[in-house]
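Undergrad: Just coords.csv, nothing more (CSV, C-alpha atoms):
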```
chain,number,residue,atom,x,y,z
A,129,MET,CA,12.5,-21.8,-79.0
A,130,SER,CA,11.7,-23.8,-82.2
A,131,THR,CA,8.2,-24.7,-80.9
A,132,SER,CA,7.3,-21.2,-79.6
A,133,THR,CA,5.1,-18.9,-81.5
A,134,PRO,CA,6.4,-15.7,-83.2
A,135,ASP,CA,4.7,-13.6,-80.6
A,136,GLU,CA,6.4,-15.6,-77.8
A,137,ARG,CA,9.8,-15.2,-79.4
A,138,LEU,CA,9.2,-11.5,-79.8
A,139,ARG,CA,8.3,-11.3,-76.1
A,140,ARG,CA,11.4,-13.0,-75.1
A,141,TRP,CA,13.6,-10.8,-77.3
A,142,ARG,CA,12.0,-7.8,-75.8
A,143,LEU,CA,12.9,-9.0,-72.3
A,144,VAL,CA,16.4,-9.7,-73.4
A,145,LEU,CA,17.0,-6.4,-75.2
A,146,GLY,CA,15.4,-4.3,-72.5
A,147,GLY,CA,13.2,-1.9,-74.5
A,148,ALA,CA,15.9,0.6,-75.6
A,149,ALA,CA,14.9,3.0,-78.3
A,150,ALA,CA,16.7,1.1,-81.0
A,151,GLU,CA,15.9,-2.4,-79.8
A,152,GLY,CA,13.6,-2.9,-82.7
A,153,THR,CA,10.9,-5.2,-81.3
A,154,GLY,CA,8.2,-2.6,-80.9
A,155,ARG,CA,6.7,-4.7,-78.2
A,156,THR,CA,5.0,-3.3,-75.1
A,157,LEU,CA,5.0,-5.3,-71.9
A,158,SER,CA,2.3,-5.4,-69.2
A,159,GLY,CA,1.5,-7.3,-66.0
A,160,THR,CA,4.0,-9.8,-64.9
A,161,ASP,CA,6.2,-9.3,-67.9
A,162,ALA,CA,6.5,-5.6,-67.1
A,163,GLY,CA,7.5,-6.5,-63.5
A,164,MET,CA,10.1,-8.9,-64.8
A,165,ASP,CA,11.4,-6.2,-67.2
A,166,ALA,CA,11.7,-3.7,-64.4
A,167,ALA,CA,13.6,-6.2,-62.2
A,168,LEU,CA,16.0,-6.9,-65.0
A,169,ALA,CA,16.4,-3.3,-65.9
A,170,ALA,CA,17.3,-2.3,-62.3
A,171,LEU,CA,20.3,-4.7,-62.6
A,172,TYR,CA,21.3,-4.9,-66.2
A,173,ASP,CA,20.4,-1.6,-68.0
A,174,SER,CA,23.7,-0.1,-69.2
A,175,ALA,CA,24.5,3.6,-69.0
A,176,ASP,CA,22.9,5.8,-71.6
A,177,GLY,CA,24.6,8.4,-73.7
A,178,GLY,CA,24.7,10.9,-70.9
A,179,GLY,CA,26.5,8.5,-68.7
A,180,GLU,CA,23.6,8.0,-66.2
A,181,ARG,CA,22.3,4.5,-65.4
A,182,ARG,CA,18.6,4.2,-66.2
A,183,GLY,CA,18.2,1.3,-63.8
A,184,GLY,CA,19.4,0.8,-60.3
A,185,LEU,CA,18.3,-0.6,-57.0
A,186,GLY,CA,18.5,2.6,-55.0
A,187,SER,CA,20.4,3.0,-51.9
A,188,SER,CA,18.0,1.9,-49.2
A,189,ALA,CA,17.6,-1.5,-47.7
A,190,PRO,CA,13.8,-1.5,-48.2
A,191,SER,CA,14.0,-1.0,-51.9
A,192,VAL,CA,16.7,-3.7,-52.3
A,193,ALA,CA,14.6,-6.1,-50.1
A,194,ARG,CA,11.6,-5.4,-52.4
A,195,TRP,CA,13.7,-6.1,-55.5
A,196,LEU,CA,15.1,-9.3,-54.0
A,197,GLY,CA,11.5,-10.4,-53.2
A,198,ASP,CA,10.4,-9.6,-56.8
A,199,ILE,CA,13.1,-11.6,-58.5
A,200,ARG,CA,12.3,-14.6,-56.3
A,201,GLY,CA,8.7,-14.4,-57.5
A,202,TYR,CA,9.6,-14.0,-61.2
A,203,PHE,CA,12.5,-16.4,-61.7
A,204,PRO,CA,13.6,-19.9,-60.6
A,205,ARG,CA,16.1,-20.2,-57.8
A,206,SER,CA,19.1,-20.9,-60.0
A,207,VAL,CA,18.5,-17.6,-61.9
A,208,VAL,CA,17.9,-15.7,-58.7
A,209,ARG,CA,21.3,-16.8,-57.4
A,210,VAL,CA,23.0,-15.5,-60.6
A,211,MET,CA,21.2,-12.2,-60.4
A,212,GLN,CA,22.1,-11.8,-56.7
A,213,ARG,CA,25.7,-12.4,-57.5
A,214,ASP,CA,25.6,-9.9,-60.4
A,215,ALA,CA,24.0,-7.4,-58.1
A,216,ILE,CA,26.8,-7.8,-55.6
A,217,ASP,CA,29.4,-7.2,-58.4
A,218,ARG,CA,27.6,-4.5,-60.4
A,219,LEU,CA,25.6,-2.5,-58.0
A,220,GLY,CA,27.4,-2.7,-54.6
A,221,LEU,CA,24.8,-4.9,-53.0
A,222,ALA,CA,27.4,-6.1,-50.6
A,223,ALA,CA,27.2,-2.9,-48.6
A,224,LEU,CA,23.4,-3.3,-48.2
A,225,LEU,CA,23.8,-6.9,-47.0
A,226,LEU,CA,24.8,-5.2,-43.7
A,227,GLU,CA,21.1,-4.5,-43.2
A,228,PRO,CA,19.1,-7.3,-41.7
A,229,GLU,CA,16.1,-6.4,-43.8
A,230,THR,CA,18.1,-7.0,-47.0
A,231,LEU,CA,19.7,-10.1,-45.7
A,232,GLU,CA,16.4,-11.8,-44.8
A,233,ALA,CA,15.3,-11.4,-48.4
A,234,VAL,CA,18.2,-13.1,-50.2
A,235,GLU,CA,18.3,-16.6,-51.6
A,236,PRO,CA,21.1,-18.3,-49.6
A,237,ASP,CA,23.9,-20.0,-51.5
A,238,VAL,CA,27.6,-20.7,-51.2
A,239,HIS,CA,28.6,-17.5,-52.9
A,240,LEU,CA,26.4,-15.4,-50.6
A,241,VAL,CA,28.1,-17.0,-47.6
A,242,GLY,CA,31.5,-16.1,-49.0
A,243,THR,CA,30.3,-12.4,-49.4
A,244,LEU,CA,29.0,-12.4,-45.8
A,245,LEU,CA,32.2,-13.8,-44.5
A,246,SER,CA,34.2,-11.1,-46.3
A,247,LEU,CA,31.9,-8.5,-44.5
A,248,ASN,CA,32.2,-10.3,-41.1
A,249,GLU,CA,34.0,-7.6,-39.3
A,250,ALA,CA,31.5,-4.9,-40.4
A,251,LEU,CA,28.4,-6.8,-39.3
A,252,GLY,CA,26.4,-5.3,-36.5
A,253,GLU,CA,25.1,-7.5,-33.7
A,254,THR,CA,21.6,-7.8,-35.2
A,255,THR,CA,22.9,-8.4,-38.7
A,256,ARG,CA,25.3,-10.9,-37.5
A,257,GLU,CA,22.5,-13.1,-36.0
A,258,THR,CA,20.7,-12.9,-39.3
A,259,ALA,CA,23.8,-13.7,-41.2
A,260,ARG,CA,24.5,-16.7,-39.0
A,261,ALA,CA,21.0,-18.0,-39.8
A,262,VAL,CA,21.6,-17.6,-43.5
A,263,VAL,CA,25.0,-19.4,-43.2
A,264,ARG,CA,23.5,-22.1,-41.1
A,265,LYS,CA,20.8,-22.8,-43.8
A,266,VAL,CA,23.4,-23.1,-46.5
A,267,VAL,CA,25.6,-25.4,-44.3
A,268,ALA,CA,22.7,-27.6,-43.5
A,269,ASP,CA,21.9,-28.0,-47.2
A,270,LEU,CA,25.5,-28.9,-48.0
A,271,GLU,CA,25.7,-31.4,-45.1
A,272,ALA,CA,22.5,-33.1,-46.3
A,273,ARG,CA,24.0,-33.4,-49.8
A,274,LEU,CA,27.5,-34.4,-48.9
A,275,ALA,CA,27.8,-35.9,-45.4
A,276,SER,CA,26.5,-39.5,-46.0
A,277,ARG,CA,28.6,-40.0,-49.1
A,278,THR,CA,31.7,-38.7,-47.4
A,279,ARG,CA,31.2,-40.9,-44.3
A,280,ALA,CA,30.5,-44.0,-46.5
A,281,ALA,CA,33.6,-43.4,-48.7
A,282,VAL,CA,36.0,-42.7,-45.8
A,283,THR,CA,34.7,-45.5,-43.6
A,284,GLY,CA,35.0,-47.9,-46.5
A,285,ALA,CA,38.5,-46.8,-47.2
A,286,LEU,CA,39.5,-47.3,-43.5
A,287,ASP,CA,37.9,-50.8,-43.5
A,288,ARG,CA,39.8,-51.8,-46.6
A,289,SER,CA,43.0,-50.5,-45.2
A,290,ALA,CA,42.5,-52.5,-42.1
A,291,ARG,CA,42.1,-55.8,-44.0
A,292,ILE,CA,44.3,-58.6,-42.8
A,293,SER,CA,45.6,-61.8,-44.4
A,294,ARG,CA,45.6,-64.0,-41.4
A,295,PRO,CA,42.2,-63.3,-39.7
A,296,ARG,CA,40.7,-65.3,-36.9
A,297,HIS,CA,37.9,-67.6,-38.0
A,298,ARG,CA,35.1,-65.2,-36.9
A,299,ASP,CA,36.8,-62.3,-38.7
A,300,ILE,CA,37.0,-64.0,-42.1
A,301,ASP,CA,35.3,-62.1,-45.0
A,302,TRP,CA,34.0,-65.2,-46.8
A,303,ASP,CA,32.7,-63.4,-49.9
A,304,ARG,CA,36.0,-61.8,-50.6
A,305,THR,CA,37.9,-65.0,-49.6
A,306,LEU,CA,35.9,-67.1,-52.1
A,307,ARG,CA,36.3,-64.6,-54.9
A,308,ALA,CA,40.1,-64.4,-54.3
A,309,ASN,CA,40.4,-68.2,-54.4
A,310,LEU,CA,38.2,-69.2,-57.3
A,311,ARG,CA,41.2,-70.4,-59.3
A,312,HIS,CA,41.6,-73.1,-56.6
A,313,TYR,CA,38.2,-74.6,-57.3
A,314,LEU,CA,38.2,-78.5,-57.3
A,315,PRO,CA,35.5,-79.7,-59.6
A,316,GLU,CA,35.7,-83.3,-58.4
A,317,HIS,CA,34.9,-82.1,-54.9
A,318,ARG,CA,32.7,-79.2,-55.9
A,319,THR,CA,34.5,-76.9,-53.5
A,320,VAL,CA,37.0,-74.1,-53.3
A,321,VAL,CA,40.3,-74.5,-51.4
A,322,PRO,CA,40.9,-71.2,-49.7
A,323,GLU,CA,44.7,-70.8,-49.8
A,324,ARG,CA,44.5,-67.1,-48.9
A,325,LEU,CA,42.1,-65.9,-46.2
A,326,ILE,CA,40.8,-62.3,-46.3
A,327,GLY,CA,39.3,-60.6,-43.3
A,328,HIS,CA,39.2,-57.5,-41.2
A,329,GLY,CA,40.7,-56.7,-37.9
A,330,ARG,CA,38.4,-56.4,-34.9
A,331,ALA,CA,36.5,-53.1,-34.8
A,332,SER,CA,38.4,-50.5,-32.9
A,333,ARG,CA,37.5,-47.1,-31.6
A,334,ALA,CA,41.2,-46.1,-31.8
A,335,VAL,CA,42.2,-43.4,-34.3
A,336,ARG,CA,43.5,-45.0,-37.4
A,337,LYS,CA,44.2,-42.0,-39.6
A,338,GLU,CA,44.9,-38.3,-39.2
A,339,VAL,CA,43.6,-35.8,-41.7
A,340,VAL,CA,44.9,-32.2,-41.9
A,341,LEU,CA,42.9,-29.7,-44.0
A,342,CYS,CA,45.1,-26.7,-44.7
A,343,VAL,CA,42.9,-24.1,-46.4
A,344,ASP,CA,43.8,-20.8,-48.0
A,345,GLN,CA,41.4,-18.1,-46.8
A,346,SER,CA,42.4,-15.4,-49.4
A,347,ALA,CA,39.3,-13.7,-51.0
A,348,SER,CA,39.5,-15.9,-54.2
A,349,MET,CA,39.0,-19.1,-52.1
A,350,ALA,CA,35.7,-18.2,-50.4
A,351,ALA,CA,33.7,-21.1,-51.8
A,352,SER,CA,36.5,-23.5,-51.0
A,353,VAL,CA,36.5,-22.3,-47.4
A,354,VAL,CA,32.8,-23.0,-47.1
A,355,TYR,CA,33.0,-26.5,-48.5
A,356,ALA,CA,36.2,-27.3,-46.4
A,357,SER,CA,34.4,-26.3,-43.2
A,358,VAL,CA,31.5,-28.7,-44.0
A,359,PHE,CA,33.9,-31.6,-44.9
A,360,GLY,CA,36.0,-30.9,-41.9
A,361,ALA,CA,33.0,-31.2,-39.6
A,362,VAL,CA,31.9,-34.5,-41.3
A,363,LEU,CA,35.4,-36.0,-41.0
A,364,ALA,CA,35.6,-34.9,-37.4
A,365,SER,CA,32.5,-36.8,-36.6
A,366,LEU,CA,34.2,-40.1,-37.4
A,367,ARG,CA,35.9,-41.6,-34.3
A,368,THR,CA,38.6,-43.3,-36.3
A,369,VAL,CA,39.8,-40.1,-38.0
A,370,ALA,CA,41.6,-37.4,-36.2
A,371,THR,CA,40.8,-34.2,-38.2
A,372,ARG,CA,42.5,-30.9,-38.0
A,373,LEU,CA,41.4,-27.7,-39.8
A,374,VAL,CA,43.9,-24.9,-40.4
A,375,VAL,CA,43.1,-21.7,-42.3
A,376,PHE,CA,45.7,-19.2,-43.3
A,377,ASP,CA,46.5,-16.0,-45.1
A,378,THR,CA,49.7,-14.4,-43.9
A,379,SER,CA,48.9,-15.7,-40.5
A,380,VAL,CA,47.7,-19.2,-39.4
A,381,VAL,CA,44.6,-20.0,-37.4
A,382,ASP,CA,43.8,-23.5,-36.1
A,383,LEU,CA,40.0,-24.0,-36.0
A,384,THR,CA,40.1,-27.6,-34.9
A,385,ASP,CA,38.4,-26.8,-31.5
A,386,VAL,CA,35.2,-25.6,-33.3
A,387,LEU,CA,35.0,-28.3,-35.9
A,388,ASP,CA,31.8,-29.7,-34.5
A,389,ASP,CA,30.0,-26.6,-35.8
A,390,PRO,CA,30.8,-25.5,-39.4
A,391,VAL,CA,29.1,-22.1,-38.8
A,392,ASP,CA,31.5,-21.3,-36.0
A,393,VAL,CA,34.3,-22.4,-38.2
A,394,LEU,CA,33.2,-20.1,-41.0
A,395,PHE,CA,32.8,-17.1,-38.7
A,396,GLY,CA,36.3,-17.9,-37.4
A,397,THR,CA,37.8,-17.3,-40.8
A,398,ARG,CA,38.9,-13.9,-42.2
A,399,LEU,CA,38.6,-13.8,-46.0
A,400,GLY,CA,41.1,-11.6,-47.8
A,401,GLY,CA,44.7,-10.6,-47.2
A,402,GLY,CA,47.9,-12.2,-48.4
A,403,THR,CA,49.1,-15.8,-48.6
A,404,ASP,CA,51.9,-17.6,-46.8
A,405,ILE,CA,51.6,-21.2,-47.7
A,406,ASN,CA,55.0,-22.1,-46.3
A,407,ARG,CA,54.1,-20.8,-42.8
A,408,ALA,CA,50.8,-22.7,-42.8
A,409,LEU,CA,52.5,-25.9,-43.9
A,410,ALA,CA,55.2,-25.4,-41.2
A,411,TYR,CA,52.4,-25.3,-38.6
A,412,CYS,CA,50.7,-28.4,-40.0
A,413,GLN,CA,54.0,-30.3,-40.1
A,414,SER,CA,54.7,-29.5,-36.5
A,415,ARG,CA,51.3,-31.1,-35.5
A,416,ILE,CA,51.9,-34.4,-37.3
A,417,THR,CA,52.6,-37.2,-34.9
A,418,ARG,CA,52.1,-40.3,-37.2
A,419,PRO,CA,53.4,-39.4,-40.7
A,420,ALA,CA,52.6,-42.8,-42.2
A,421,ASP,CA,49.0,-42.5,-41.1
A,422,THR,CA,48.5,-38.9,-42.0
A,423,VAL,CA,46.9,-37.2,-45.1
A,424,VAL,CA,47.5,-33.5,-45.6
A,425,VAL,CA,45.1,-31.7,-47.9
A,426,LEU,CA,46.3,-28.3,-49.1
A,427,VAL,CA,43.5,-26.2,-50.6
A,428,SER,CA,45.0,-23.2,-52.3
A,429,ASP,CA,45.5,-21.4,-55.7
A,430,LEU,CA,49.2,-21.6,-54.9
A,431,TYR,CA,49.9,-17.9,-55.2
A,432,GLU,CA,52.7,-18.0,-52.5
A,433,GLY,CA,53.6,-14.8,-50.7
A,434,GLY,CA,56.1,-16.6,-48.5
A,435,ILE,CA,59.3,-18.5,-49.2
A,436,ARG,CA,58.6,-20.6,-52.3
A,437,ASP,CA,61.7,-22.9,-52.2
A,438,GLU,CA,61.1,-23.6,-48.5
A,439,MET,CA,57.5,-24.4,-49.2
A,440,LEU,CA,58.5,-27.0,-51.8
A,441,ARG,CA,61.2,-28.4,-49.5
A,442,ARG,CA,58.6,-28.8,-46.7
A,443,VAL,CA,56.2,-30.7,-49.0
A,444,ALA,CA,59.1,-33.0,-50.1
A,445,ALA,CA,60.0,-33.6,-46.4
A,446,MET,CA,56.5,-34.5,-45.4
A,447,ARG,CA,56.2,-36.9,-48.3
A,448,ALA,CA,59.6,-38.4,-47.4
A,449,SER,CA,58.4,-39.0,-43.9
A,450,GLY,CA,55.4,-41.0,-45.1
A,451,VAL,CA,52.7,-38.3,-45.3
A,452,GLU,CA,50.2,-38.6,-48.1
A,453,PHE,CA,49.9,-35.0,-49.6
A,454,VAL,CA,47.0,-33.8,-51.7
A,455,ALA,CA,46.9,-30.3,-53.4
A,456,LEU,CA,43.6,-28.9,-54.5
A,457,LEU,CA,43.5,-25.7,-56.4
A,458,ALA,CA,39.9,-25.3,-55.4
A,459,LEU,CA,37.2,-27.2,-53.6
A,460,SER,CA,34.1,-25.9,-55.3
A,461,ASP,CA,31.7,-26.2,-58.3
A,462,ASP,CA,33.3,-23.2,-60.0
A,463,GLY,CA,35.8,-25.0,-62.1
A,464,ALA,CA,39.5,-24.6,-62.2
A,465,PRO,CA,40.5,-21.2,-60.8
A,466,ALA,CA,43.3,-18.9,-61.8
A,467,HIS,CA,46.4,-20.4,-60.1
A,468,ASP,CA,50.2,-20.3,-60.0
A,469,ARG,CA,51.1,-22.7,-62.7
A,470,GLU,CA,54.8,-22.7,-61.9
A,471,HIS,CA,54.1,-23.9,-58.3
A,472,ALA,CA,51.6,-26.4,-59.6
A,473,ALA,CA,54.2,-27.9,-61.9
A,474,ALA,CA,56.8,-27.9,-59.1
A,475,LEU,CA,54.4,-29.9,-56.9
A,476,ALA,CA,53.7,-32.3,-59.7
A,477,ALA,CA,57.4,-32.9,-60.0
A,478,LEU,CA,57.4,-33.9,-56.3
A,479,GLY,CA,54.6,-36.4,-57.1
A,480,VAL,CA,51.8,-34.1,-55.9
A,481,PRO,CA,49.5,-33.3,-58.8
A,482,ALA,CA,47.5,-30.1,-58.2
A,483,PHE,CA,44.0,-30.0,-59.5
A,484,ALA,CA,40.6,-28.4,-58.9
A,485,CYS,CA,38.1,-30.7,-57.1
A,486,THR,CA,34.4,-30.5,-57.0
A,487,PRO,CA,32.6,-31.2,-53.7
A,488,ASP,CA,31.0,-34.3,-55.2
A,489,LEU,CA,34.4,-35.7,-56.1
A,490,PHE,CA,36.0,-34.9,-52.7
A,491,PRO,CA,34.8,-38.1,-50.8
A,492,GLU,CA,36.4,-40.3,-53.5
A,493,VAL,CA,39.6,-38.2,-53.4
A,494,MET,CA,39.8,-38.7,-49.6
A,495,ALA,CA,39.1,-42.4,-49.8
A,496,ALA,CA,41.9,-42.8,-52.3
A,497,ALA,CA,44.3,-40.8,-50.3
A,498,LEU,CA,43.5,-42.8,-47.1
A,499,GLU,CA,44.1,-46.0,-49.0
A,500,ARG,CA,47.2,-44.6,-50.7
A,501,ARG,CA,46.0,-45.5,-54.1
A,502,PRO,CA,46.0,-43.3,-57.2
A,503,LEU,CA,43.8,-40.2,-56.9
A,504,PRO,CA,40.7,-39.9,-59.2
A,505,LEU,CA,42.2,-36.9,-61.1
A,506,PRO,CA,40.7,-34.8,-63.8
A,507,ASP,CA,43.0,-33.8,-66.6
A,508,PRO,CA,46.4,-33.0,-65.0
A,509,VAL,CA,47.2,-29.3,-64.6
```
In structure tokens, what does this structure look like?

TA:
Amino acid sequence: MSTSTPDERLRRWRLVLGGAAAEGTGRTLSGTDAGMDAALAALYDSADGGGERRGGLGSSAPSVARWLGDIRGYFPRSVVRVMQRDAIDRLGLAALLLEPETLEAVEPDVHLVGTLLSLNEALGETTRETARAVVRKVVADLEARLASRTRAAVTGALDRSARISRPRHRDIDWDRTLRANLRHYLPEHRTVVPERLIGHGRASRAVRKEVVLCVDQSASMAASVVYASVFGAVLASLRTVATRLVVFDTSVVDLTDVLDDPVDVLFGTRLGGGTDINRALAYCQSRITRPADTVVVLVSDLYEGGIRDEMLRRVAAMRASGVEFVALLALSDDGAPAHDREHAAALAALGVPAFACTPDLFPEVMAAALERRPLPLPDPV
């Protein structure tokens, strides 16, 4: 702003203030600026003294589709996504997303997917196909961003956990062996005496670890459900990890059979409803066959509608049996959500810190959990 001209600053203030009678700029807009102003006014103009909104998107799919097209022409994608989210909250755009014409005009993002999933049961057949295409685009973008890092982190963790101290000659990791034995260097012989050999067991296609993703599908967890479905599909693609995905509200749904397609996973969820964490954990516990080789990841804001004390006893029992338990208050880029602090503190007392995790941090969290080393935590909750 410091390098802009007075006229440019006045123009920007006029766009911010919206041209109300008392806004004070005295500036008239034309051309592209007038179009931007109209698009902003349709969404953000407040009610006037008579209680009538001066802006508005109208009630028809064509008018909303035109507005969505306009803002994509006027503003960068990051701004478009914010405006779409505001339109859903302020002007009831969610209802018009049931129209294919509107849906085709939106800029896809994680929050839009969450809205579509909440409308899932109201989608007509034509709209559902359009919605699946929108969801598939978002999922593909997320996989391109996250899949390779997740596979690398998890595979590396599994390799390290399989390291052995008495390897056969051809299985010796000489770089690690030399580094571990540098203190045994003999200057007179200019050599290292390897007192401890480090190597890896032979490659195996057998399942080494089991991962259970237990995801709260209440309405507040929409973005977490989207990311969990993508990570679940990535983990399921690894031969040495047996991955199970369980979503829950007051009922429990096992979506493991459709993990190969995150879009099918997402359309198998039902956002909204209550929360019964204890029932979900009971189901997950019943499916664990190798506790010492299992990681359970609970993704929930911890607002428990079931039996609180039994939920905590169940977590304690799983940990006592050898299960590595991780509690994530959210799996998204939205920051720490509102959550039940009492339950978070109770889990922490059991040795299970509860924290919000970004998608970029999740591969490192999984790697640490698989290796049973301290998790890369943000500030404890």

Undergrad: Taking only C-alpha atoms into account, name the residue in A:Val362, A:Glu227, A:Ile405, A:Ala356 that is nearest to Gly252 of chain A.

TA: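 Ranked by minimum distance to Gly252 of chain A, first place goes to A:Glu227.
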
Undergrad: Pick from A:Val380, A:Ala162, A:Leu168, A:Ala350: nearest to Leu145 of chain A, with only C-alpha atoms counted?

TA: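 The shortest atom-to-atom distance to Leu145 of chain A comes from A:Leu168.
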
Undergrad: What lies within 12 Å of Arg307 of chain A using all atoms listed in the file, ignoring chain neighbours under 5 positions off, as a list of chain:residue names?

TA: A:Asp301, A:Trp302, A:His312, A:Tyr313, A:Val320, A:Val321, A:Pro322, A:Glu323, A:Arg324, A:Leu325, A:Ile326

Undergrad: Would you mind exporting the chosen residues as an mmCIF file, keeping the file's coordinate frame, restricted to C-alpha atoms?

TA:
```cif
data_model
loop_
_atom_site.group_PDB
_atom_site.id
_atom_site.type_symbol
_atom_site.label_atom_id
_atom_site.label_comp_id
_atom_site.auth_asym_id
_atom_site.auth_seq_id
_atom_site.Cartn_x
_atom_site.Cartn_y
_atom_site.Cartn_z
ATOM 1 C CA ASP A 301 35.300 -62.100 -45.000
ATOM 2 C CA TRP A 302 34.000 -65.200 -46.800
ATOM 3 C CA HIS A 312 41.600 -73.100 -56.600
ATOM 4 C CA TYR A 313 38.200 -74.600 -57.300
ATOM 5 C CA VAL A 320 37.000 -74.100 -53.300
ATOM 6 C CA VAL A 321 40.300 -74.500 -51.400
ATOM 7 C CA PRO A 322 40.900 -71.200 -49.700
ATOM 8 C CA GLU A 323 44.700 -70.800 -49.800
ATOM 9 C CA ARG A 324 44.500 -67.100 -48.900
ATOM 10 C CA LEU A 325 42.100 -65.900 -46.200
ATOM 11 C CA ILE A 326 40.800 -62.300 -46.300
#
```

Undergrad: To one decimal place, how far is atom CA of Leu171 of chain A from atom CA of Met211 of chain A in Å?

TA: 7.9 Å

Undergrad: Find the distance between atom CA of Thr254 of chain A and atom CA of Leu224 of chain A and write it in Å to one decimal.

TA: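 Those two atoms sit 13.9 Å apart.
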
Undergrad: Do a neighbour search on Arg415 of chain A at 10 Å with all atoms listed in the file, toss out local chain neighbours closer than 5 positions, and write the hits as a PyMOL selection string.

TA: chain A and resi 340+372+409-410

Undergrad: When you draw a straight line from atom CA of Val192 of chain A to atom CA of Val263 of chain A, how long is it in Å?

TA: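 For atom CA of Val192 of chain A relative to atom CA of Val263 of chain A, the distance reads 20.0 Å.
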
Undergrad: With only C-alpha atoms as the basis for distance, which of A:Glu235, A:Glu338, A:Asp421, A:Asp488 is at the shortest distance from Leu196 of chain A?

TA: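 Checking each of A:Glu235, A:Glu338, A:Asp421, A:Asp488 against Leu196 of chain A, counting only C-alpha atoms, the winner is A:Glu235.
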
Undergrad: Quick one: segment 311-323 of chain A with N, CA, C and O atoms, as a PDB file, in the coordinates of the input?

TA:
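Final output, result_13.pdb:
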```
ATOM      1  N   ARG A 311      40.309 -69.610 -58.406  1.00  0.00           N
ATOM      2  CA  ARG A 311      41.200 -70.400 -59.300  1.00  0.00           C
ATOM      3  C   ARG A 311      41.580 -71.740 -58.587  1.00  0.00           C
ATOM      4  O   ARG A 311      42.160 -72.628 -59.231  1.00  0.00           O
ATOM      5  N   HIS A 312      41.289 -71.867 -57.314  1.00  0.00           N
ATOM      6  CA  HIS A 312      41.600 -73.100 -56.600  1.00  0.00           C
ATOM      7  C   HIS A 312      40.339 -73.998 -56.461  1.00  0.00           C
ATOM      8  O   HIS A 312      40.274 -74.849 -55.577  1.00  0.00           O
ATOM      9  N   TYR A 313      39.387 -73.802 -57.341  1.00  0.00           N
ATOM     10  CA  TYR A 313      38.200 -74.600 -57.300  1.00  0.00           C
ATOM     11  C   TYR A 313      38.504 -76.057 -57.761  1.00  0.00           C
ATOM     12  O   TYR A 313      39.209 -76.285 -58.752  1.00  0.00           O
ATOM     13  N   LEU A 314      38.012 -77.058 -56.996  1.00  0.00           N
ATOM     14  CA  LEU A 314      38.200 -78.500 -57.300  1.00  0.00           C
ATOM     15  C   LEU A 314      36.903 -79.068 -57.787  1.00  0.00           C
ATOM     16  O   LEU A 314      36.005 -79.345 -56.983  1.00  0.00           O
ATOM     17  N   PRO A 315      36.766 -79.246 -59.109  1.00  0.00           N
ATOM     18  CA  PRO A 315      35.500 -79.700 -59.600  1.00  0.00           C
ATOM     19  C   PRO A 315      35.056 -81.068 -59.061  1.00  0.00           C
ATOM     20  O   PRO A 315      33.874 -81.308 -58.812  1.00  0.00           O
ATOM     21  N   GLU A 316      36.040 -81.964 -58.877  1.00  0.00           N
ATOM     22  CA  GLU A 316      35.700 -83.300 -58.400  1.00  0.00           C
ATOM     23  C   GLU A 316      35.080 -83.257 -56.988  1.00  0.00           C
ATOM     24  O   GLU A 316      34.301 -84.141 -56.591  1.00  0.00           O
ATOM     25  N   HIS A 317      35.460 -82.230 -56.224  1.00  0.00           N
ATOM     26  CA  HIS A 317      34.900 -82.100 -54.900  1.00  0.00           C
ATOM     27  C   HIS A 317      33.879 -80.979 -54.760  1.00  0.00           C
ATOM     28  O   HIS A 317      33.298 -80.776 -53.691  1.00  0.00           O
ATOM     29  N   ARG A 318      33.712 -80.266 -55.884  1.00  0.00           N
ATOM     30  CA  ARG A 318      32.700 -79.200 -55.900  1.00  0.00           C
ATOM     31  C   ARG A 318      32.968 -78.186 -54.763  1.00  0.00           C
ATOM     32  O   ARG A 318      32.053 -77.812 -54.046  1.00  0.00           O
ATOM     33  N   THR A 319      34.228 -77.830 -54.620  1.00  0.00           N
ATOM     34  CA  THR A 319      34.500 -76.900 -53.500  1.00  0.00           C
ATOM     35  C   THR A 319      35.751 -76.054 -53.892  1.00  0.00           C
ATOM     36  O   THR A 319      36.501 -76.368 -54.816  1.00  0.00           O
ATOM     37  N   VAL A 320      35.909 -74.967 -53.151  1.00  0.00           N
ATOM     38  CA  VAL A 320      37.000 -74.100 -53.300  1.00  0.00           C
ATOM     39  C   VAL A 320      37.989 -74.270 -52.150  1.00  0.00           C
ATOM     40  O   VAL A 320      37.566 -74.313 -50.987  1.00  0.00           O
ATOM     41  N   VAL A 321      39.270 -74.419 -52.462  1.00  0.00           N
ATOM     42  CA  VAL A 321      40.300 -74.500 -51.400  1.00  0.00           C
ATOM     43  C   VAL A 321      40.818 -73.129 -51.133  1.00  0.00           C
ATOM     44  O   VAL A 321      41.521 -72.545 -51.971  1.00  0.00           O
ATOM     45  N   PRO A 322      40.490 -72.534 -49.995  1.00  0.00           N
ATOM     46  CA  PRO A 322      40.900 -71.200 -49.700  1.00  0.00           C
ATOM     47  C   PRO A 322      42.363 -71.088 -49.239  1.00  0.00           C
ATOM     48  O   PRO A 322      42.665 -71.220 -48.050  1.00  0.00           O
ATOM     49  N   GLU A 323      43.289 -70.926 -50.190  1.00  0.00           N
ATOM     50  CA  GLU A 323      44.700 -70.800 -49.800  1.00  0.00           C
ATOM     51  C   GLU A 323      45.023 -69.511 -49.155  1.00  0.00           C
ATOM     52  O   GLU A 323      45.990 -69.411 -48.401  1.00  0.00           O
TER      53      GLU A 323
END
```
